[in-house]
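**Student:** To be precise about what I am sending: the file is called structure34.csv and holds CSV, C-alpha atoms.
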```
chain,number,residue,atom,x,y,z
A,3,MET,CA,29.7,23.4,-22.4
A,4,ALA,CA,28.6,20.0,-23.6
A,5,SER,CA,29.4,19.1,-27.1
A,6,LEU,CA,26.8,18.4,-29.7
A,7,LYS,CA,27.5,14.7,-29.6
A,8,ASP,CA,27.0,14.7,-25.8
A,9,MET,CA,23.7,16.5,-26.2
A,10,ARG,CA,22.5,14.1,-28.9
A,11,ASN,CA,23.4,11.2,-26.6
A,12,ARG,CA,21.5,12.8,-23.7
A,13,ILE,CA,18.4,13.4,-25.9
A,14,ALA,CA,18.5,9.7,-27.0
A,15,SER,CA,18.8,8.6,-23.4
A,16,VAL,CA,15.8,10.6,-22.3
A,17,LYS,CA,13.8,9.3,-25.2
A,18,ALA,CA,14.6,5.7,-24.2
A,19,THR,CA,13.6,6.5,-20.6
A,20,ARG,CA,10.3,8.0,-21.9
A,21,LYS,CA,9.6,4.8,-23.8
A,22,ILE,CA,10.1,2.8,-20.6
A,23,THR,CA,7.9,5.0,-18.4
A,24,LYS,CA,5.2,5.0,-21.1
A,25,ALA,CA,5.3,1.2,-21.3
A,26,MET,CA,5.1,1.0,-17.5
A,27,GLN,CA,2.1,3.3,-17.5
A,28,LEU,CA,0.2,1.2,-20.0
A,29,VAL,CA,1.0,-2.0,-18.0
A,30,ALA,CA,-0.2,-0.4,-14.8
A,31,ALA,CA,-3.4,0.8,-16.5
A,32,ALA,CA,-4.1,-2.8,-17.8
A,33,LYS,CA,-3.5,-4.2,-14.3
A,34,LEU,CA,-5.5,-1.5,-12.5
A,35,ARG,CA,-8.9,-2.5,-13.8
A,36,ARG,CA,-8.6,-6.1,-12.5
A,37,ALA,CA,-7.2,-5.0,-9.2
A,38,GLN,CA,-9.8,-2.3,-8.7
A,39,GLU,CA,-12.6,-4.8,-9.4
A,40,ALA,CA,-11.2,-7.3,-6.9
A,41,ALA,CA,-10.8,-4.6,-4.2
A,42,THR,CA,-14.4,-3.3,-4.8
A,43,ALA,CA,-15.8,-6.8,-4.7
A,44,ALA,CA,-14.1,-7.5,-1.3
A,45,ARG,CA,-15.5,-4.5,0.5
A,46,PRO,CA,-19.2,-5.7,0.9
A,47,TYR,CA,-17.9,-9.1,2.2
A,48,ALA,CA,-15.7,-7.3,4.8
A,49,GLN,CA,-18.6,-5.0,5.8
A,50,ARG,CA,-21.0,-7.9,6.1
A,51,MET,CA,-18.5,-9.7,8.3
A,52,ASP,CA,-18.5,-6.7,10.6
A,53,GLN,CA,-22.3,-6.8,10.8
A,54,VAL,CA,-22.4,-10.5,11.6
A,55,LEU,CA,-19.8,-10.1,14.3
A,56,ALA,CA,-21.8,-7.2,15.7
A,57,ASN,CA,-24.9,-9.4,15.9
A,58,VAL,CA,-23.2,-12.4,17.6
A,59,ALA,CA,-20.9,-10.3,19.8
A,60,GLY,CA,-23.9,-8.3,21.0
A,61,ARG,CA,-25.2,-11.4,22.8
A,62,ILE,CA,-22.1,-12.6,24.6
A,63,THR,CA,-19.5,-9.7,25.0
A,64,ASN,CA,-20.6,-9.2,28.6
A,65,ARG,CA,-20.2,-12.9,29.5
A,66,GLU,CA,-17.1,-14.3,31.2
A,67,GLY,CA,-14.7,-16.2,29.1
A,68,ALA,CA,-15.2,-14.2,25.9
A,69,SER,CA,-12.4,-14.7,23.2
A,70,PRO,CA,-9.3,-12.5,23.7
A,71,LEU,CA,-9.6,-11.7,20.0
A,72,LEU,CA,-12.8,-9.8,20.9
A,73,VAL,CA,-12.2,-8.4,24.3
A,74,GLY,CA,-8.4,-8.3,24.3
A,75,THR,CA,-5.9,-9.5,26.8
A,76,GLY,CA,-6.8,-6.8,29.4
A,77,LYS,CA,-3.7,-4.7,28.6
A,78,ASP,CA,-2.1,-2.9,25.7
A,79,ASP,CA,1.6,-3.0,26.6
A,80,VAL,CA,2.8,-4.6,23.3
A,81,HIS,CA,1.6,-3.5,19.9
A,82,LEU,CA,2.1,-5.3,16.6
A,83,LEU,CA,2.0,-3.1,13.5
A,84,ILE,CA,1.3,-5.0,10.3
A,85,VAL,CA,2.6,-2.7,7.6
A,86,MET,CA,1.5,-3.8,4.1
A,87,THR,CA,3.3,-2.2,1.1
A,88,ALA,CA,4.3,-3.2,-2.4
A,89,GLU,CA,7.2,-5.3,-3.6
A,90,ARG,CA,8.4,-2.8,-6.1
A,91,GLY,CA,8.9,1.0,-6.2
A,92,LEU,CA,8.3,3.5,-9.0
A,93,CYS,CA,4.8,4.2,-7.7
A,94,GLY,CA,5.1,7.7,-6.4
A,95,GLY,CA,4.6,8.2,-2.7
A,96,PHE,CA,2.5,5.0,-2.3
A,97,ASN,CA,5.0,3.0,-0.2
A,98,GLY,CA,6.3,6.1,1.6
A,99,ASN,CA,2.9,7.3,2.8
A,100,ILE,CA,2.0,3.9,4.4
A,101,ALA,CA,5.4,3.7,6.1
A,102,LYS,CA,5.0,7.4,7.2
A,103,LEU,CA,1.7,6.6,8.9
A,104,ALA,CA,3.1,3.5,10.6
A,105,ARG,CA,6.2,5.4,11.7
A,106,ALA,CA,4.1,8.1,13.3
A,107,ASP,CA,2.1,5.6,15.2
A,108,ALA,CA,5.1,3.7,16.3
A,109,ASN,CA,6.8,6.8,17.6
A,110,ARG,CA,3.7,7.8,19.4
A,111,LEU,CA,3.4,4.4,21.1
A,112,MET,CA,7.0,4.3,22.1
A,113,SER,CA,6.8,7.8,23.5
A,114,ALA,CA,3.9,6.5,25.7
A,115,GLY,CA,6.1,3.7,27.0
A,116,LYS,CA,4.6,0.9,24.9
A,117,LYS,CA,6.6,-1.8,23.2
A,118,VAL,CA,6.3,-2.0,19.4
A,119,LYS,CA,6.8,-4.9,17.1
A,120,ILE,CA,6.5,-4.6,13.4
A,121,MET,CA,5.5,-7.2,10.8
A,122,THR,CA,6.1,-6.1,7.2
A,123,VAL,CA,4.2,-7.5,4.2
A,124,GLY,CA,6.0,-6.4,1.1
A,125,ARG,CA,9.7,-5.7,0.5
A,126,LYS,CA,9.3,-1.9,0.4
A,127,GLY,CA,7.8,-1.7,3.9
A,128,ALA,CA,10.9,-3.3,5.4
A,129,GLU,CA,13.2,-1.1,3.4
A,130,ASN,CA,11.4,2.1,4.5
A,131,LEU,CA,11.3,1.2,8.2
A,132,ARG,CA,14.6,-0.7,8.5
A,133,ARG,CA,16.7,2.4,9.3
A,134,ASP,CA,14.5,3.7,12.2
A,135,PHE,CA,12.9,0.5,13.4
A,136,GLY,CA,15.3,-2.3,12.4
A,137,LYS,CA,15.2,-3.9,15.9
A,138,GLN,CA,11.4,-3.8,16.0
A,139,ILE,CA,10.9,-5.7,12.8
A,140,VAL,CA,10.1,-9.3,14.0
A,141,GLU,CA,8.7,-10.7,10.7
A,142,ARG,CA,9.2,-10.0,7.0
A,143,ILE,CA,6.8,-11.4,4.5
A,144,GLU,CA,7.5,-11.0,0.9
A,145,LEU,CA,5.1,-11.7,-2.0
A,146,ARG,CA,7.7,-11.4,-4.7
A,147,GLY,CA,6.7,-13.2,-7.9
A,148,VAL,CA,3.0,-13.2,-6.9
A,149,LYS,CA,1.0,-11.9,-9.9
A,150,GLN,CA,-2.3,-11.7,-8.1
A,151,VAL,CA,-3.0,-12.0,-4.4
A,152,ASN,CA,-5.6,-14.4,-3.3
A,153,ALA,CA,-7.1,-15.6,0.0
A,154,SER,CA,-4.3,-18.1,0.6
A,155,HIS,CA,-1.8,-15.3,0.9
A,156,ALA,CA,-4.0,-13.6,3.5
A,157,GLU,CA,-4.5,-16.8,5.4
A,158,ASP,CA,-0.7,-17.2,5.6
A,159,VAL,CA,-0.3,-13.8,7.1
A,160,SER,CA,-3.2,-14.2,9.5
A,161,GLY,CA,-1.9,-17.6,10.6
A,162,LYS,CA,1.4,-16.0,11.6
A,163,VAL,CA,-0.4,-13.2,13.4
A,164,LEU,CA,-2.6,-15.6,15.3
A,165,ALA,CA,0.3,-17.8,16.2
A,166,MET,CA,2.1,-14.8,17.7
A,167,PHE,CA,-1.0,-13.8,19.6
A,168,GLU,CA,-1.5,-17.2,21.1
A,169,LYS,CA,2.0,-17.2,22.3
A,170,GLY,CA,1.3,-13.9,24.1
A,171,GLU,CA,3.8,-11.9,22.0
A,172,PHE,CA,1.6,-8.9,21.7
A,173,ASP,CA,-1.7,-7.4,23.0
A,174,VAL,CA,-2.9,-5.2,20.2
A,175,ALA,CA,-2.5,-5.6,16.4
A,176,THR,CA,-3.0,-2.8,13.9
A,177,MET,CA,-2.9,-3.2,10.1
A,178,TYR,CA,-1.7,-0.4,7.8
A,179,PHE,CA,-2.6,-0.3,4.1
A,180,ALA,CA,-3.7,2.2,1.4
A,181,GLU,CA,-7.4,2.4,0.7
A,182,PHE,CA,-8.1,2.8,-3.0
A,183,LYS,CA,-10.2,5.9,-3.7
A,184,SER,CA,-9.3,6.7,-7.3
A,185,VAL,CA,-6.4,6.6,-9.7
A,186,ILE,CA,-4.9,9.8,-8.2
A,187,ALA,CA,-6.0,9.2,-4.6
A,188,GLN,CA,-4.9,6.4,-2.3
A,189,LYS,CA,-5.6,7.0,1.4
A,190,PRO,CA,-3.1,5.5,4.0
A,191,THR,CA,-5.3,3.7,6.5
A,192,SER,CA,-4.8,2.0,9.9
A,193,LEU,CA,-7.2,-0.7,11.1
A,194,GLN,CA,-7.1,-2.5,14.4
A,195,VAL,CA,-7.7,-6.2,13.9
A,196,ILE,CA,-6.9,-7.5,17.4
A,197,PRO,CA,-8.9,-7.0,19.5
A,198,ALA,CA,-11.6,-6.7,16.8
A,199,ARG,CA,-13.3,-3.3,16.5
A,200,VAL,CA,-16.9,-4.6,16.3
A,201,PRO,CA,-19.4,-1.9,15.2
A,202,GLU,CA,-22.7,-1.5,16.9
A,203,ALA,CA,-25.5,-3.4,15.4
A,204,LYS,CA,-27.9,-1.0,13.6
A,205,PRO,CA,-31.5,-1.5,12.4
A,206,ALA,CA,-32.8,-0.6,9.0
A,207,ASP,CA,-33.4,3.1,10.0
A,208,GLY,CA,-29.7,3.5,10.6
A,209,LYS,CA,-30.0,4.3,14.4
A,210,ALA,CA,-27.8,2.5,16.8
A,211,ALA,CA,-29.5,-0.4,18.5
A,212,ALA,CA,-29.0,-1.4,22.2
A,213,GLY,CA,-28.6,-5.1,21.3
A,214,PRO,CA,-28.6,-7.4,18.3
A,215,THR,CA,-30.9,-6.6,15.4
A,216,ALA,CA,-32.5,-10.1,15.4
A,217,ASP,CA,-32.9,-13.1,17.6
A,218,TYR,CA,-31.0,-16.1,16.3
A,219,ASP,CA,-30.4,-19.7,17.6
A,220,TYR,CA,-26.7,-20.7,17.1
A,221,GLU,CA,-25.4,-24.2,16.7
A,222,PRO,CA,-23.1,-25.6,18.0
A,223,SER,CA,-23.0,-22.5,20.3
A,224,GLU,CA,-22.6,-18.8,20.2
A,225,GLU,CA,-19.1,-18.9,21.6
A,226,GLU,CA,-17.9,-21.4,19.0
A,227,VAL,CA,-19.5,-19.5,16.2
A,228,LEU,CA,-17.9,-16.3,17.4
A,229,ASP,CA,-14.5,-17.8,17.8
A,230,PHE,CA,-14.7,-19.1,14.2
A,231,LEU,CA,-15.9,-15.7,12.9
A,232,LEU,CA,-13.1,-13.8,14.8
A,233,ASN,CA,-10.4,-16.0,13.3
A,234,ARG,CA,-12.0,-15.6,9.9
A,235,ASN,CA,-12.4,-11.9,10.3
A,236,ILE,CA,-8.6,-11.4,10.7
A,237,SER,CA,-7.9,-13.2,7.4
A,238,THR,CA,-10.8,-11.3,5.8
A,239,GLN,CA,-9.5,-7.9,6.8
A,240,ILE,CA,-6.0,-8.8,5.8
A,241,PHE,CA,-7.2,-10.0,2.4
A,242,ARG,CA,-9.1,-6.8,2.0
A,243,GLY,CA,-6.0,-4.8,2.8
A,244,LEU,CA,-3.9,-6.7,0.3
A,245,LEU,CA,-6.5,-6.1,-2.4
A,246,GLU,CA,-6.8,-2.4,-1.6
A,247,ASN,CA,-3.0,-2.2,-1.7
A,248,ALA,CA,-2.8,-3.9,-5.1
A,249,ALA,CA,-5.3,-1.5,-6.6
A,250,SER,CA,-3.7,1.5,-4.9
A,251,GLU,CA,-0.2,0.4,-6.1
A,252,GLN,CA,-1.3,0.2,-9.7
A,253,GLY,CA,-3.1,3.5,-9.6
A,254,ALA,CA,-0.2,5.2,-8.0
A,255,ARG,CA,2.2,3.7,-10.5
A,256,MET,CA,0.0,4.7,-13.4
A,257,SER,CA,0.0,8.3,-12.2
A,258,ALA,CA,3.7,8.4,-11.4
A,259,MET,CA,4.7,7.0,-14.8
A,260,ASP,CA,2.3,9.4,-16.5
A,261,ASN,CA,4.0,12.3,-14.8
A,262,ALA,CA,7.4,10.9,-15.6
A,263,THR,CA,6.5,10.5,-19.3
A,264,ARG,CA,5.3,14.1,-19.4
A,265,ASN,CA,8.5,15.4,-17.6
A,266,ALA,CA,10.6,13.4,-20.1
A,267,GLY,CA,8.8,15.0,-23.0
A,268,ASP,CA,9.4,18.5,-21.6
A,269,MET,CA,13.0,17.7,-21.0
A,270,ILE,CA,13.4,16.4,-24.6
A,271,ASN,CA,11.9,19.7,-25.9
A,272,LYS,CA,14.2,21.8,-23.8
A,273,LEU,CA,17.3,19.8,-24.8
A,274,THR,CA,16.3,19.9,-28.5
A,275,ILE,CA,15.9,23.7,-28.4
A,276,LYS,CA,19.3,24.0,-26.7
A,277,TYR,CA,20.9,21.6,-29.1
A,278,ASN,CA,19.5,23.5,-32.2
A,279,ARG,CA,20.7,26.8,-30.8
A,280,GLN,CA,24.2,25.5,-30.1
A,281,ARG,CA,24.4,23.8,-33.5
A,282,GLN,CA,23.2,27.0,-35.2
A,283,ALA,CA,25.8,29.0,-33.3
A,284,GLN,CA,28.5,26.6,-34.3
A,285,ILE,CA,27.5,26.8,-37.9
A,286,THR,CA,27.4,30.6,-37.8
A,287,LYS,CA,30.9,30.6,-36.3
A,288,GLU,CA,32.3,28.4,-39.0
A,289,LEU,CA,30.7,30.5,-41.7
A,290,ILE,CA,32.3,33.7,-40.2
A,291,GLU,CA,35.7,32.0,-40.1
A,292,ILE,CA,35.3,30.9,-43.8
A,293,ILE,CA,34.2,34.4,-44.9
A,294,SER,CA,37.0,36.1,-42.8
A,295,GLY,CA,39.6,33.8,-44.4
A,296,ALA,CA,38.3,34.5,-47.9
A,297,GLU,CA,38.4,38.2,-47.4
A,298,ALA,CA,41.9,38.0,-46.0
A,299,LEU,CA,43.0,36.4,-49.3
```
So, in terms of structure tokens, how does the structure I just supplied come out?
**Tutor:**
Amino acid sequence: MASLKDMRNRIASVKATRKITKAMQLVAAAKLRRAQEAATAARPYAQRMDQVLANVAGRITNREGASPLLVGTGKDDVHLLIVMTAERGLCGGFNGNIAKLARADANRLMSAGKKVKIMTVGRKGAENLRRDFGKQIVERIELRGVKQVNASHAEDVSGKVLAMFEKGEFDVATMYFAEFKSVIAQKPTSLQVIPARVPEAKPADGKAAAGPTADYDYEPSEEEVLDFLLNRNISTQIFRGLLENAASEQGARMSAMDNATRNAGDMINKLTIKYNRQRQAQITKELIEIISGAEAL
């Protein structure tokens, strides 16, 4: 049985831990609002980009010489998985859930005879996948020290992805991130970025249209405009994923630290009760010994 001093030390240790988890919860709550606003503001831009791509692509997708970023390379033998996670842990199952989704897709593709390459954005993604897919990890991008992600970080990632695609190193690229739903809900999501998944153009009534929703004249040409938009779309989707991840990370950390603080409080209460009982028992034992000694005299 632990001594009273050991129990006091343990209670003090748990109290110190509770202070740390409470502070981390407050910091995550302060960062969450800004990250949530940035992620919410990026969604309409990404959705509008899809609509513009749908309008332009609806005019030229059936033409010869369309960009491989739109129609693909004609095969899907090599897949690049872009796994975006956080740089730090202590955020519940946030990193593990994203890695779990990517791992399941990687195993499915490899079982189908496909070759898989993995690019990790964030230190925790590489750590989660290193044991099972260490040989498949071809690129590791860390954003350590970055307080707030911006478009330049997304452009760096998209630049490396496009460089690999131009060299013919993969046929299909899929991005993995966590879509922010609420503080307690972050949905692991996969999104194919190469070739682009262009939605059908829709009119105002919401019904699918057979062609573009409006007739436009493009300068310098439809092909050049589409090429620019396709390149921009990759960085836009990656930027959106980074922002969604930033908000999801803070929400997950806030929830995890709140649970840790509550658990520490429960543990302190149980240890305090145990300490008081053991202290009372020891005092009672000493009193019995004193009374027994007095009676013996």
**Student:** Smallest atom-to-atom distance to Ile22 in chain A: which of A:Ala44, A:Met259, A:Ala180, A:Ile290, using all atoms listed in the file?
**Tutor:** A:Met259
**Student:** Would you kindly identify which residues have an atom no farther than 12 Å from (-4.5, -12.9, 19.7), using only C-alpha atoms and the file's own coordinates, and write them out as a ChimeraX atom specification?
**Tutor:** /A:69-76,78,80-82,160-176,194-198,229,232-233,236
**Student:** Out of A:Thr286, A:Thr263, A:Asn278, A:Ser250, which residue has the shortest atom-to-atom distance to Ala41 in chain A when counting only C-alpha atoms?
**Tutor:**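 Closest candidate: A:Ser250.
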**Student:** Give me the residues near Asn11 in chain A as a ChimeraX atom specification, where near means some atom within 12 Å (using only C-alpha atoms) and where sequence neighbours in that chain fewer than 5 positions away do not count.
**Tutor:** /A:4-6,16-18,270,273-274,277
**Student:** For Thr238 in chain A, which of A:Met112, A:Met51, A:Leu92, A:Ile120 is the closest residue, counting all atoms listed in the file?
**Tutor:**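 Result for the nearest residue to Thr238 in chain A: A:Met51.
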**Student:** For Arg45 in chain A, which residue out of A:Ser15, A:Gln138, A:Asn109, A:Gln239 is the nearest one, using all atoms listed in the file?
**Tutor:**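 For Arg45 in chain A, the nearest of the given residues is A:Gln239.
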**Student:** Could you jot down the CA of Arg132 in chain A to CA of Met26 in chain A separation for me, Å, one decimal place?
**Tutor:** 27.7 Å
